[in-house]
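S.K.: upload14.txt is reproduced below (compact mmCIF, C-alpha atoms and all ligand atoms).
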# COMPACT_ATOMS: atom_id res chain seq x y z
CA MET A 1 16.06 -5.00 6.63
CA ARG A 2 17.75 -3.64 3.53
CA ILE A 3 17.75 0.11 3.01
CA ILE A 4 18.11 1.52 -0.48
CA ARG A 5 18.91 5.22 -0.26
CA THR A 6 17.83 7.23 -3.29
CA LYS A 7 18.58 10.80 -4.20
CA ASP A 8 14.99 11.92 -4.70
CA TYR A 9 11.39 10.83 -5.28
CA ASN A 10 11.89 9.89 -8.92
CA ASP A 11 14.97 7.83 -8.11
CA MET A 12 13.01 6.08 -5.33
CA SER A 13 10.12 5.39 -7.70
CA ARG A 14 12.37 3.97 -10.42
CA LYS A 15 14.25 1.71 -8.02
CA ALA A 16 11.03 0.41 -6.45
CA ALA A 17 9.55 -0.21 -9.90
CA ASN A 18 12.70 -2.09 -10.91
CA ILE A 19 12.32 -4.41 -7.91
CA ILE A 20 8.66 -5.07 -8.73
CA GLY A 21 9.46 -5.41 -12.44
CA ALA A 22 12.21 -7.95 -11.74
CA LEU A 23 9.67 -10.11 -9.90
CA VAL A 24 7.14 -9.85 -12.75
CA VAL A 25 9.87 -10.96 -15.18
CA THR A 26 11.15 -13.84 -13.07
CA LYS A 27 7.74 -14.99 -11.80
CA PRO A 28 5.12 -14.01 -14.42
CA ASP A 29 2.24 -15.37 -12.31
CA CYS A 30 3.32 -13.60 -9.13
CA VAL A 31 0.91 -12.14 -6.57
CA LEU A 32 1.52 -8.44 -5.96
CA GLY A 33 0.19 -6.75 -2.84
CA LEU A 34 -0.42 -3.14 -3.84
CA ALA A 35 -0.85 0.15 -2.03
CA THR A 36 -2.46 3.50 -2.77
CA GLY A 37 -1.49 6.94 -1.41
CA SER A 38 0.73 9.46 -3.12
CA THR A 39 4.09 7.73 -2.58
CA PRO A 40 3.69 4.72 -4.95
CA VAL A 41 2.30 6.81 -7.83
CA GLY A 42 5.76 7.33 -9.35
CA ALA A 43 6.59 3.63 -9.14
CA TYR A 44 3.32 2.81 -10.89
CA ARG A 45 4.21 5.31 -13.63
CA HIS A 46 7.56 3.57 -14.16
CA LEU A 47 5.84 0.17 -14.30
CA VAL A 48 3.38 1.48 -16.90
CA ASN A 49 6.27 2.82 -18.99
CA ALA A 50 8.10 -0.51 -18.75
CA TYR A 51 4.93 -2.25 -19.91
CA LEU A 52 4.47 0.19 -22.81
CA GLU A 53 8.07 -0.39 -23.85
CA GLY A 54 7.40 -4.13 -23.96
CA ASP A 55 9.58 -4.98 -20.98
CA LEU A 56 6.83 -6.23 -18.67
CA ASP A 57 3.87 -8.54 -19.16
CA PHE A 58 1.16 -8.52 -16.46
CA SER A 59 -1.18 -10.97 -18.16
CA GLN A 60 -0.70 -13.64 -15.48
CA VAL A 61 -0.07 -11.33 -12.52
CA LYS A 62 -2.60 -11.26 -9.68
CA SER A 63 -2.98 -8.38 -7.26
CA VAL A 64 -4.48 -7.78 -3.83
CA ASN A 65 -4.68 -4.28 -2.47
CA LEU A 66 -4.04 -3.37 1.11
CA ASP A 67 -7.18 -1.46 1.87
CA GLU A 68 -10.31 0.38 0.81
CA TYR A 69 -12.53 3.04 2.35
CA LYS A 70 -15.76 1.69 3.75
CA GLY A 71 -18.79 3.26 2.11
CA LEU A 72 -17.23 4.55 -1.12
CA PRO A 73 -18.53 3.02 -4.35
CA ARG A 74 -15.94 1.98 -6.96
CA GLU A 75 -16.85 4.86 -9.25
CA ASN A 76 -16.09 7.44 -6.55
CA GLU A 77 -12.82 9.07 -7.61
CA GLN A 78 -11.47 8.79 -4.07
CA SER A 79 -12.08 5.06 -3.77
CA TYR A 80 -8.93 2.99 -3.87
CA TYR A 81 -10.54 0.91 -6.61
CA TYR A 82 -10.71 4.04 -8.76
CA PHE A 83 -7.14 5.01 -7.80
CA MET A 84 -5.69 1.66 -8.81
CA HIS A 85 -7.46 1.71 -12.15
CA ASP A 86 -6.47 5.28 -12.77
CA HIS A 87 -2.78 4.89 -11.90
CA LEU A 88 -2.05 1.32 -12.94
CA PHE A 89 -4.60 -1.27 -13.97
CA ARG A 90 -6.12 0.44 -17.00
CA HIS A 91 -2.67 1.18 -18.45
CA ILE A 92 -1.31 -2.39 -18.32
CA ASN A 93 -2.49 -5.83 -19.42
CA ILE A 94 -3.44 -7.17 -16.00
CA ALA A 95 -6.73 -9.13 -16.20
CA PRO A 96 -9.48 -7.29 -14.27
CA LYS A 97 -10.55 -10.60 -12.70
CA ASN A 98 -7.04 -10.92 -11.23
CA THR A 99 -7.20 -7.60 -9.35
CA HIS A 100 -8.67 -7.52 -5.86
CA LEU A 101 -9.53 -4.90 -3.27
CA PRO A 102 -11.73 -5.13 -0.18
CA ASP A 103 -15.35 -4.39 -1.09
CA GLY A 104 -15.94 -0.91 0.31
CA THR A 105 -19.61 -1.09 -0.58
CA GLU A 106 -20.24 -4.07 1.71
CA PRO A 107 -21.91 -2.54 4.79
CA ASP A 108 -21.44 -5.70 6.86
CA SER A 109 -17.88 -5.28 8.11
CA ALA A 110 -17.50 -8.86 9.32
CA LYS A 111 -18.59 -10.20 5.94
CA ALA A 112 -16.38 -7.78 3.98
CA CYS A 113 -13.34 -8.80 6.03
CA GLU A 114 -14.02 -12.54 5.94
CA ASP A 115 -14.57 -12.36 2.18
CA TYR A 116 -11.28 -10.55 1.69
CA ASN A 117 -9.36 -12.96 3.93
CA ARG A 118 -10.71 -15.75 1.72
CA VAL A 119 -9.60 -13.92 -1.45
CA ILE A 120 -6.07 -13.43 -0.07
CA ALA A 121 -5.87 -17.07 1.04
CA SER A 122 -7.04 -18.24 -2.39
CA MET A 123 -4.05 -16.46 -3.98
CA GLY A 124 -1.72 -18.85 -2.19
CA GLY A 125 0.38 -16.11 -0.63
CA VAL A 126 1.58 -12.65 -1.58
CA ASP A 127 5.00 -12.60 -3.25
CA LEU A 128 5.68 -8.90 -2.78
CA GLN A 129 3.74 -6.41 -0.68
CA LEU A 130 4.25 -2.75 -1.55
CA LEU A 131 3.70 -0.30 1.32
CA GLY A 132 3.75 3.41 2.03
CA LEU A 133 4.34 4.82 5.51
CA GLY A 134 1.75 6.93 7.34
CA HIS A 135 2.87 9.95 9.38
CA ASP A 136 1.80 8.15 12.54
CA GLY A 137 3.51 4.92 11.47
CA HIS A 138 0.45 3.25 10.00
CA ILE A 139 0.74 0.65 7.27
CA GLY A 140 -2.37 -0.08 5.28
CA PHE A 141 -4.92 1.41 7.64
CA ASN A 142 -3.37 -0.30 10.66
CA GLU A 143 -3.32 2.70 12.95
CA PRO A 144 -1.32 3.00 16.21
CA ASN A 145 -2.93 0.66 18.70
CA ASP A 146 -2.32 -1.33 21.88
CA GLU A 147 -1.91 -4.52 19.89
CA PHE A 148 -1.19 -5.61 16.33
CA ASP A 149 -4.42 -6.39 14.45
CA LYS A 150 -3.83 -9.63 12.61
CA GLU A 151 -6.12 -10.20 9.64
CA THR A 152 -8.42 -8.00 7.54
CA HIS A 153 -10.50 -5.78 9.78
CA CYS A 154 -12.57 -2.60 9.80
CA VAL A 155 -10.84 0.41 11.35
CA ASP A 156 -11.91 3.79 12.60
CA LEU A 157 -9.45 6.22 11.03
CA THR A 158 -7.53 8.46 13.40
CA GLN A 159 -7.96 12.22 13.23
CA MET A 160 -4.39 12.49 11.88
CA THR A 161 -5.16 10.16 8.97
CA ILE A 162 -8.49 11.85 8.24
CA GLU A 163 -6.69 15.20 8.11
CA ALA A 164 -3.86 13.79 5.96
CA ASN A 165 -6.37 12.33 3.49
CA GLN A 166 -8.47 15.48 3.41
CA ARG A 167 -6.31 16.79 0.54
CA PHE A 168 -8.02 14.32 -1.79
CA PHE A 169 -11.59 15.38 -0.89
CA ASN A 170 -13.59 18.61 -1.26
CA SER A 171 -13.94 18.93 2.51
CA ILE A 172 -12.95 17.05 5.64
CA ASP A 173 -16.58 15.98 6.11
CA GLU A 174 -16.37 13.91 2.93
CA VAL A 175 -13.41 11.84 4.18
CA PRO A 176 -14.75 8.40 5.16
CA ARG A 177 -14.34 7.60 8.86
CA GLN A 178 -13.81 3.89 8.40
CA ALA A 179 -11.85 1.58 6.13
CA TYR A 180 -11.24 -2.11 5.55
CA THR A 181 -7.58 -3.05 5.74
CA MET A 182 -5.35 -6.09 5.60
CA GLY A 183 -4.02 -6.91 9.04
CA ILE A 184 -0.43 -6.93 10.22
CA ALA A 185 -0.18 -10.73 10.12
CA THR A 186 -1.38 -10.72 6.51
CA ILE A 187 1.26 -8.14 5.59
CA MET A 188 3.98 -10.01 7.48
CA ARG A 189 3.19 -13.24 5.59
CA ALA A 190 4.21 -11.65 2.26
CA LYS A 191 7.45 -13.21 1.02
CA CYS A 192 8.93 -9.78 0.43
CA VAL A 193 7.80 -6.39 1.78
CA LEU A 194 8.83 -3.31 -0.19
CA MET A 195 8.21 0.07 1.40
CA VAL A 196 8.60 3.39 -0.39
CA VAL A 197 9.11 6.56 1.67
CA SER A 198 9.83 10.07 0.46
CA GLY A 199 10.11 13.53 1.94
CA LYS A 200 11.34 15.35 5.05
CA ASP A 201 7.91 15.09 6.64
CA LYS A 202 8.44 11.31 6.92
CA ALA A 203 11.96 11.50 8.40
CA GLN A 204 10.95 11.35 12.07
CA ILE A 205 8.46 8.52 11.69
CA LEU A 206 10.89 6.55 9.51
CA LYS A 207 13.47 6.83 12.29
CA ASP A 208 10.93 5.85 14.98
CA ALA A 209 9.65 2.90 12.95
CA PHE A 210 12.92 1.30 11.91
CA PHE A 211 15.46 2.53 14.45
CA GLY A 212 13.25 2.47 17.54
CA PRO A 213 11.40 -0.20 19.54
CA ILE A 214 8.99 -2.63 17.89
CA THR A 215 5.59 -1.59 19.16
CA PRO A 216 1.97 -1.52 17.94
CA LYS A 217 2.06 2.19 18.80
CA VAL A 218 4.17 2.47 15.62
CA PRO A 219 2.65 -0.29 13.47
CA ALA A 220 5.37 -0.16 10.77
CA SER A 221 7.99 -1.05 13.39
CA VAL A 222 6.88 -4.69 13.15
CA LEU A 223 8.57 -4.81 9.73
CA GLN A 224 11.92 -4.90 11.55
CA LEU A 225 11.04 -8.56 12.15
CA HIS A 226 10.32 -9.36 8.50
CA PRO A 227 12.99 -11.60 6.95
CA ASN A 228 12.85 -9.88 3.56
CA PHE A 229 11.99 -6.23 4.12
CA ILE A 230 13.32 -3.67 1.64
CA LEU A 231 13.01 0.02 2.41
CA VAL A 232 13.48 2.31 -0.57
CA ALA A 233 13.64 5.85 0.74
CA ASP A 234 14.97 9.15 -0.50
CA GLU A 235 17.58 11.28 1.21
CA ASP A 236 14.98 13.59 2.72
CA ALA A 237 13.13 10.69 4.37
CA LEU A 238 16.43 9.24 5.61
CA ALA A 239 17.68 12.61 6.90
CA LEU A 240 17.54 11.58 10.58
CA VAL A 241 19.17 8.15 10.33
C1 LIG B 301 -2.39 3.13 1.11
C2 LIG B 301 -2.23 2.95 2.53
C3 LIG B 301 -1.60 3.96 3.44
C4 LIG B 301 -0.54 4.84 2.82
C5 LIG B 301 0.00 5.84 3.84
C6 LIG B 301 1.01 6.78 3.24
O1 LIG B 301 -3.01 2.00 0.53
O2 LIG B 301 -2.64 1.97 2.99
O3 LIG B 301 -1.05 3.26 4.53
O4 LIG B 301 0.50 4.05 2.33
O5 LIG B 301 -1.06 6.59 4.35
O6 LIG B 301 0.37 7.58 2.31
P1 LIG B 301 1.16 8.60 1.35
O7 LIG B 301 1.95 7.75 0.41
O8 LIG B 301 0.08 9.35 0.64
O9 LIG B 301 2.00 9.44 2.24
Show me, as structure tokens, the structure contained in the file I just sent.
Ligand code: F6R
M.R.:
Amino acid sequence: MRIIRTKDYNDMSRKAANIIGALVVTKPDCVLGLATGSTPVGAYRHLVNAYLEGDLDFSQVKSVNLDEYKGLPRENEQSYYYFMHDHLFRHINIAPKNTHLPDGTEPDSAKACEDYNRVIASMGGVDLQLLGLGHDGHIGFNEPNDEFDKETHCVDLTQMTIEANQRFFNSIDEVPRQAYTMGIATIMRAKCVLMVVSGKDKAQILKDAFFGPITPKVPASVLQLHPNFILVADEDALALV
């Protein structure tokens, strides 16, 4: 595990974007595993700026996203499909056919998950998986559990995650209760895992995840076993370590 300590959110975002950008330059047809949530937004902004300045070319890049709410159509502003287009895809020259998310509109969970496993397998492996860190240690929508869920699966969101995500919806009743997410094994197979963490409110869970025992009760802790895990976190998030 490599820890890159940054002075604040913007510094974290720029450094994470530089790592992703370096991969896009050195491997133009790389497969990027992408994340939503508020933490990666700054990194996406830096990647867009690098593209606009002519430093990055995404024309051959492929992407697979971590997760998607079950039941939200793509045009719903809270769907992760919408988020990715809004924050990244529509600003860069990535080919729409090369971008992939689980199909949140597929009501048959088994089919949605099998289809997505096939998509990920067809990519031939993820070169870099970007992750945020949930307050309860979740990665993707892999919530604390008695075991590590391996491949893409449908999850019931915990009350903590529903409440955390409420800020994006008009009311808590609108927050979907289920989501499709890549599994832990899928995430661990990425050649490089890059996690971005910012803010004092993440300091305790960051400490538990990366300086405590490896346990499915703190899903992110499994990343301690990844051979190429880079944590880019600001001083506030690293305050307890
Ligand atoms: C996003 C995702 C989630 C978030 C996590 C942190 O695709 O899968 O695991 O990374 O909930 O979210 P933020 O960055 O909003 O604190």
S.K.: Taking the point (11.8, 3.7, -7.8) as given in the file, collect each protein or nucleic acid residue that comes within 12 Å of it, counting only C-alpha atoms, and present the set as a ChimeraX atom specification.
M.R.: /A:4-21,39-47,130,194-198,231-234
S.K.: Once you have the residues from the selection above, write them out as a tab-separated table (two decimals), keeping the file's coordinate frame, restricted to C-alpha atoms.
M.R.:
chain	number	residue	atom	x	y	z
A	4	ILE	CA	18.11	1.52	-0.48
A	5	ARG	CA	18.91	5.22	-0.26
A	6	THR	CA	17.83	7.23	-3.29
A	7	LYS	CA	18.58	10.80	-4.20
A	8	ASP	CA	14.99	11.92	-4.70
A	9	TYR	CA	11.39	10.83	-5.28
A	10	ASN	CA	11.89	9.89	-8.92
A	11	ASP	CA	14.97	7.83	-8.11
A	12	MET	CA	13.01	6.08	-5.33
A	13	SER	CA	10.12	5.39	-7.70
A	14	ARG	CA	12.37	3.97	-10.42
A	15	LYS	CA	14.25	1.71	-8.02
A	16	ALA	CA	11.03	0.41	-6.45
A	17	ALA	CA	9.55	-0.21	-9.90
A	18	ASN	CA	12.70	-2.09	-10.91
A	19	ILE	CA	12.32	-4.41	-7.91
A	20	ILE	CA	8.66	-5.07	-8.73
A	21	GLY	CA	9.46	-5.41	-12.44
A	39	THR	CA	4.09	7.73	-2.58
A	40	PRO	CA	3.69	4.72	-4.95
A	41	VAL	CA	2.30	6.81	-7.83
A	42	GLY	CA	5.76	7.33	-9.35
A	43	ALA	CA	6.59	3.63	-9.14
A	44	TYR	CA	3.32	2.81	-10.89
A	45	ARG	CA	4.21	5.31	-13.63
A	46	HIS	CA	7.56	3.57	-14.16
A	47	LEU	CA	5.84	0.17	-14.30
A	130	LEU	CA	4.25	-2.75	-1.55
A	194	LEU	CA	8.83	-3.31	-0.19
A	195	MET	CA	8.21	0.07	1.40
A	196	VAL	CA	8.60	3.39	-0.39
A	197	VAL	CA	9.11	6.56	1.67
A	198	SER	CA	9.83	10.07	0.46
A	231	LEU	CA	13.01	0.02	2.41
A	232	VAL	CA	13.48	2.31	-0.57
A	233	ALA	CA	13.64	5.85	0.74
A	234	ASP	CA	14.97	9.15	-0.50
S.K.: I'd like a table as CSV: residues in chain A with an atom no more than 9 Å from ligand LIG 301 (chain B), each row giving the shortest atom pair and its distance in Å to one decimal, only C-alpha atoms and all ligand atoms counted, sorted by chain and rising residue number.
M.R.:
residue,atom,partner,partner_atom,distance
A:Leu34,CA,B:LIG301,O1,7.2
A:Ala35,CA,B:LIG301,O1,3.8
A:Thr36,CA,B:LIG301,O1,3.7
A:Gly37,CA,B:LIG301,O8,3.5
A:Ser38,CA,B:LIG301,O8,3.8
A:Thr39,CA,B:LIG301,O7,3.7
A:Pro40,CA,B:LIG301,O7,6.4
A:Val41,CA,B:LIG301,O7,8.3
A:Asn65,CA,B:LIG301,O1,7.2
A:Leu66,CA,B:LIG301,O1,5.5
A:Asp67,CA,B:LIG301,O1,5.6
A:Glu68,CA,B:LIG301,O1,7.5
A:Tyr80,CA,B:LIG301,O1,7.4
A:Leu130,CA,B:LIG301,O4,8.7
A:Leu131,CA,B:LIG301,O4,5.5
A:Gly132,CA,B:LIG301,O4,3.3
A:Leu133,CA,B:LIG301,C6,4.5
A:Gly134,CA,B:LIG301,C5,4.1
A:His135,CA,B:LIG301,C6,7.2
A:Asp136,CA,B:LIG301,O5,8.8
A:Gly137,CA,B:LIG301,C5,8.4
A:His138,CA,B:LIG301,O3,5.7
A:Ile139,CA,B:LIG301,O3,4.2
A:Gly140,CA,B:LIG301,O2,3.1
A:Phe141,CA,B:LIG301,O2,5.2
A:Asn142,CA,B:LIG301,O3,7.5
A:Glu143,CA,B:LIG301,O3,8.7
A:Thr161,CA,B:LIG301,O5,7.1
A:Ala164,CA,B:LIG301,O5,7.9
A:Asn165,CA,B:LIG301,O8,7.7
A:Thr181,CA,B:LIG301,O2,7.6
A:Met182,CA,B:LIG301,O2,8.9
A:Met195,CA,B:LIG301,O4,8.7
A:Val196,CA,B:LIG301,O7,8.0
A:Val197,CA,B:LIG301,O7,7.4
A:Ser198,CA,B:LIG301,O9,8.1
A:Lys202,CA,B:LIG301,O9,8.2
S.K.: Record the distance separating CA of Pro176 (chain A) and CA of Glu77 (chain A), expressed in Å with one decimal.
M.R.: 12.9 Å
S.K.: Using all atoms listed in the file, find the one residue out of A:Leu157, A:Leu88, A:Cys192, A:Ile172 that sits nearest to Asn49 (chain A).
M.R.: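 Smallest separation from Asn49 (chain A) among the options: A:Leu88.
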S.K.: Between A:Arg189, A:His85, A:Lys62, A:His226, which has the minimum distance to Asn98 (chain A) (counting all atoms listed in the file)?
M.R.: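 Of all the options, A:Lys62 lies closest to Asn98 (chain A).
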S.K.: Check the smallest atom-to-atom distance from each of A:Met160, A:Val126, A:Val241, A:Ile230 to Ile187 (chain A) using only C-alpha atoms, then report the winner.
M.R.: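 For Ile187 (chain A), the nearest of the given residues is A:Val126.
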S.K.: Contacts of Val119 (chain A) at 12 Å or less, counting only C-alpha atoms, minus same-chain residues fewer than 6 places along, as a list in words?
M.R.: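 Those residues are Val31, Lys62, Ser63, Val64, Asn65, Lys97, Asn98, Thr99, His100, Leu101, Pro102, Asp103, Ala112, Cys113, Gly125, Val126, Thr152, Met182 and Thr186 of chain A.
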S.K.: With C-alpha atoms kept, could you save the residues just selected as a PDB file, in the coordinates of the input?
M.R.:
ATOM      1  CA  VAL A  31       0.910 -12.140  -6.570  1.00  0.00           C
ATOM      2  CA  LYS A  62      -2.600 -11.260  -9.680  1.00  0.00           C
ATOM      3  CA  SER A  63      -2.980  -8.380  -7.260  1.00  0.00           C
ATOM      4  CA  VAL A  64      -4.480  -7.780  -3.830  1.00  0.00           C
ATOM      5  CA  ASN A  65      -4.680  -4.280  -2.470  1.00  0.00           C
ATOM      6  CA  LYS A  97     -10.550 -10.600 -12.700  1.00  0.00           C
ATOM      7  CA  ASN A  98      -7.040 -10.920 -11.230  1.00  0.00           C
ATOM      8  CA  THR A  99      -7.200  -7.600  -9.350  1.00  0.00           C
ATOM      9  CA  HIS A 100      -8.670  -7.520  -5.860  1.00  0.00           C
ATOM     10  CA  LEU A 101      -9.530  -4.900  -3.270  1.00  0.00           C
ATOM     11  CA  PRO A 102     -11.730  -5.130  -0.180  1.00  0.00           C
ATOM     12  CA  ASP A 103     -15.350  -4.390  -1.090  1.00  0.00           C
ATOM     13  CA  ALA A 112     -16.380  -7.780   3.980  1.00  0.00           C
ATOM     14  CA  CYS A 113     -13.340  -8.800   6.030  1.00  0.00           C
ATOM     15  CA  GLY A 125       0.380 -16.110  -0.630  1.00  0.00           C
ATOM     16  CA  VAL A 126       1.580 -12.650  -1.580  1.00  0.00           C
ATOM     17  CA  THR A 152      -8.420  -8.000   7.540  1.00  0.00           C
ATOM     18  CA  MET A 182      -5.350  -6.090   5.600  1.00  0.00           C
ATOM     19  CA  THR A 186      -1.380 -10.720   6.510  1.00  0.00           C
TER      20      THR A 186
END
S.K.: Could you please determine the separation between CA of Leu206 (chain A) and CA of Asp149 (chain A) in Å, to one decimal place?
M.R.: 20.6 Å
